[in-house]
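Chemist: The structure's right below; bear with me while I get my questions together.
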Amino acid sequence: MPFSDHTFRYTPALRGKITPPDQSEMRFGLDRFDELDLQAIEEGWPTGWRMDHEKREANRQAVLAGRLDQDLWVFAYGSLIWDPAVQVDEYRYGSLPGWHRRFCMRLDGGRGTHDQPGLMAALDQGGHCDGVVFRIPSSLADQETQFMWRREMFSGSYQPVFLEVDTPQGVVEALVFLMDTTNNRYLPDVSLETSAQMIAVAEGNLGPNFTYLESLVRHLDELGLEDPEIRKLHARASEIRTSLFQFSK
């Protein structure tokens, strides 16, 4: 499933830097849930750690009602930028007003554990967020959003809505996965210092939490996107990891 030549006509800097969907580990089926269900039992994870399949599909159908036969724009601010795991026809730079990128979601798996949780980037209210929007063609909207919902609504911690996103080619109405502030994973008042400490030490079966933050900063650099608060967080987490490594010696 390689990208077409025209996919990056407005974003040439992204060409060759986006993971094709057939190479993405984030494009998974229901069997992945079966594996994690077994792991949850073995490790004694708390109930409600993931969203039920029926509830997830009902959410997808409700959010996308009347839109599954249309082209679908999606706003990406984190790993969706460089690893969308879906088939994309077009990328544009985009800016979302009223929301900003922040590490405000507690991460109990993947790059954290229940005993030593990490943090995941999400969209929290206030400010604005610079990212990208990508377009899924109408003929693939139903198929591809099933993969997207398995990934983004895995635990049910996001609130998928449609919002207007500014692009150099004009405003588009895009699907946006906001932080669900009613979810128990939402951490609204974590300081930069506490966030940096959590990210610096957390690690799960997918690797260190810091690796995700570092990847985010690197990709923002490649895109030429500014986010001073994320850079401050990265700098402080780097300092903590350096000091921990030196101490461990």
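Following the order of the structure tokens, first chain is A, next is B, and so on, with residues numbered from 1 inside each chain and ligands from 1 in the order they appear.
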Using only C-alpha atoms, determine which residues lie at most 10 Å from Ser238 (chain A), disregarding the query and same-chain residues fewer than 3 positions distant; provide the list as a PyMOL selection string.

Modeler: chain A and resi 196-197+199-200+210+213-214+232-235+241-244

Chemist: What lies within 9 Å of region 220-228 of chain A using only C-alpha atoms, ignoring chain neighbours under 4 positions off, as a list in words?

Modeler: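 Contacts, in chain order: Thr11, Ala13, Leu14, Lys17, Gly78, Tyr93, Arg101, Cys129, Asp130, Gly131, Ser215, Leu216, Lys232 and Leu233 of chain A.
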
Chemist: Residues at most 9 Å from Asp69 (chain A), counting only C-alpha atoms, excluding those fewer than 6 positions away in the same chain, as a count of residues only?

Modeler: 6

Chemist: Compare A:Leu163, A:Glu35, A:Pro20, A:Gly156 by their minimum atom-to-atom distance to Ser95 (chain A), counting only C-alpha atoms, and give me the closest one.

Modeler: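 Counting only C-alpha atoms, the residue closest to Ser95 (chain A) is A:Leu163.
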
Chemist: Counting only C-alpha atoms, which residue out of A:Arg32, A:Arg92, A:Arg106, A:Arg9 sits closest to Val190 (chain A)?

Modeler: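 Once distances to Val190 (chain A) are computed over only C-alpha atoms, the minimum belongs to A:Arg106.
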
Chemist: Taking the chain letters and numbering used in this document, name the residues of region 84-160 of chain A that DSSP puts in strand (DSSP E or B), as an MDAnalysis selection string.

Modeler: chainID A and resid 90:107 118:136 158:160

Chemist: Could you please write out, as a PyMOL selection string, every residue of region 39-213 of chain A that DSSP assigns to alpha helix (DSSP H)?

Modeler: chain A and resi 39-43+53-63+141-152+192-201+209-213

Chemist: Show which residues sit within 10 Å of Asp52 (chain A), as a compact mmCIF listing (two decimals) with N, CA and C atoms, in the first residue's frame. Count only C-alpha atoms, and ignore same-chain residues fewer than 5 positions away.

Modeler:
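Saved to around-v9.txt:
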# COMPACT_ATOMS: atom_id res chain seq x y z
N PHE A 33 -6.20 -7.74 20.22
CA PHE A 33 -6.93 -7.60 21.47
C PHE A 33 -6.96 -8.92 22.23
N GLU A 57 -17.35 0.05 18.18
CA GLU A 57 -17.98 0.12 16.87
C GLU A 57 -19.20 1.02 16.90
N ALA A 58 -19.96 0.99 17.99
CA ALA A 58 -21.11 1.88 18.11
C ALA A 58 -20.66 3.33 18.13
N MET A 153 -9.19 4.47 19.70
CA MET A 153 -10.20 4.23 20.74
C MET A 153 -9.98 2.90 21.44
N PHE A 154 -8.74 2.48 21.49
CA PHE A 154 -8.36 1.22 22.13
C PHE A 154 -8.85 1.18 23.57
N SER A 155 -8.57 2.24 24.31
CA SER A 155 -8.97 2.29 25.72
C SER A 155 -10.17 3.19 25.96
N GLY A 156 -10.61 3.89 24.90
CA GLY A 156 -11.74 4.80 25.04
C GLY A 156 -11.41 6.09 25.76

Chemist: Pick from A:Gly118, A:Tyr158, A:Phe147, A:Leu96: nearest to Ala237 (chain A), with only C-alpha atoms counted?

Modeler: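 When distances to Ala237 (chain A) are compared using only C-alpha atoms, the smallest one comes from A:Gly118.
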
Chemist: Calculate how many Å separate CA of Glu90 (chain A) from CA of Leu123 (chain A), rounding to one decimal.

Modeler: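 Computed distance, CA of Glu90 (chain A) to CA of Leu123 (chain A), equals 22.6 Å.
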
Chemist: Using only C-alpha atoms, which residue out of A:Glu164, A:Glu54, A:Glu43, A:Asp22 lies closest to Pro2 (chain A)?

Modeler: A:Asp22

Chemist: When you count only C-alpha atoms, which of these residues is closest to Met198 (chain A): A:Gln169, A:Thr145, A:Leu107, A:Arg135?

Modeler: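 So, comparing all the options, the nearest one is A:Leu107.
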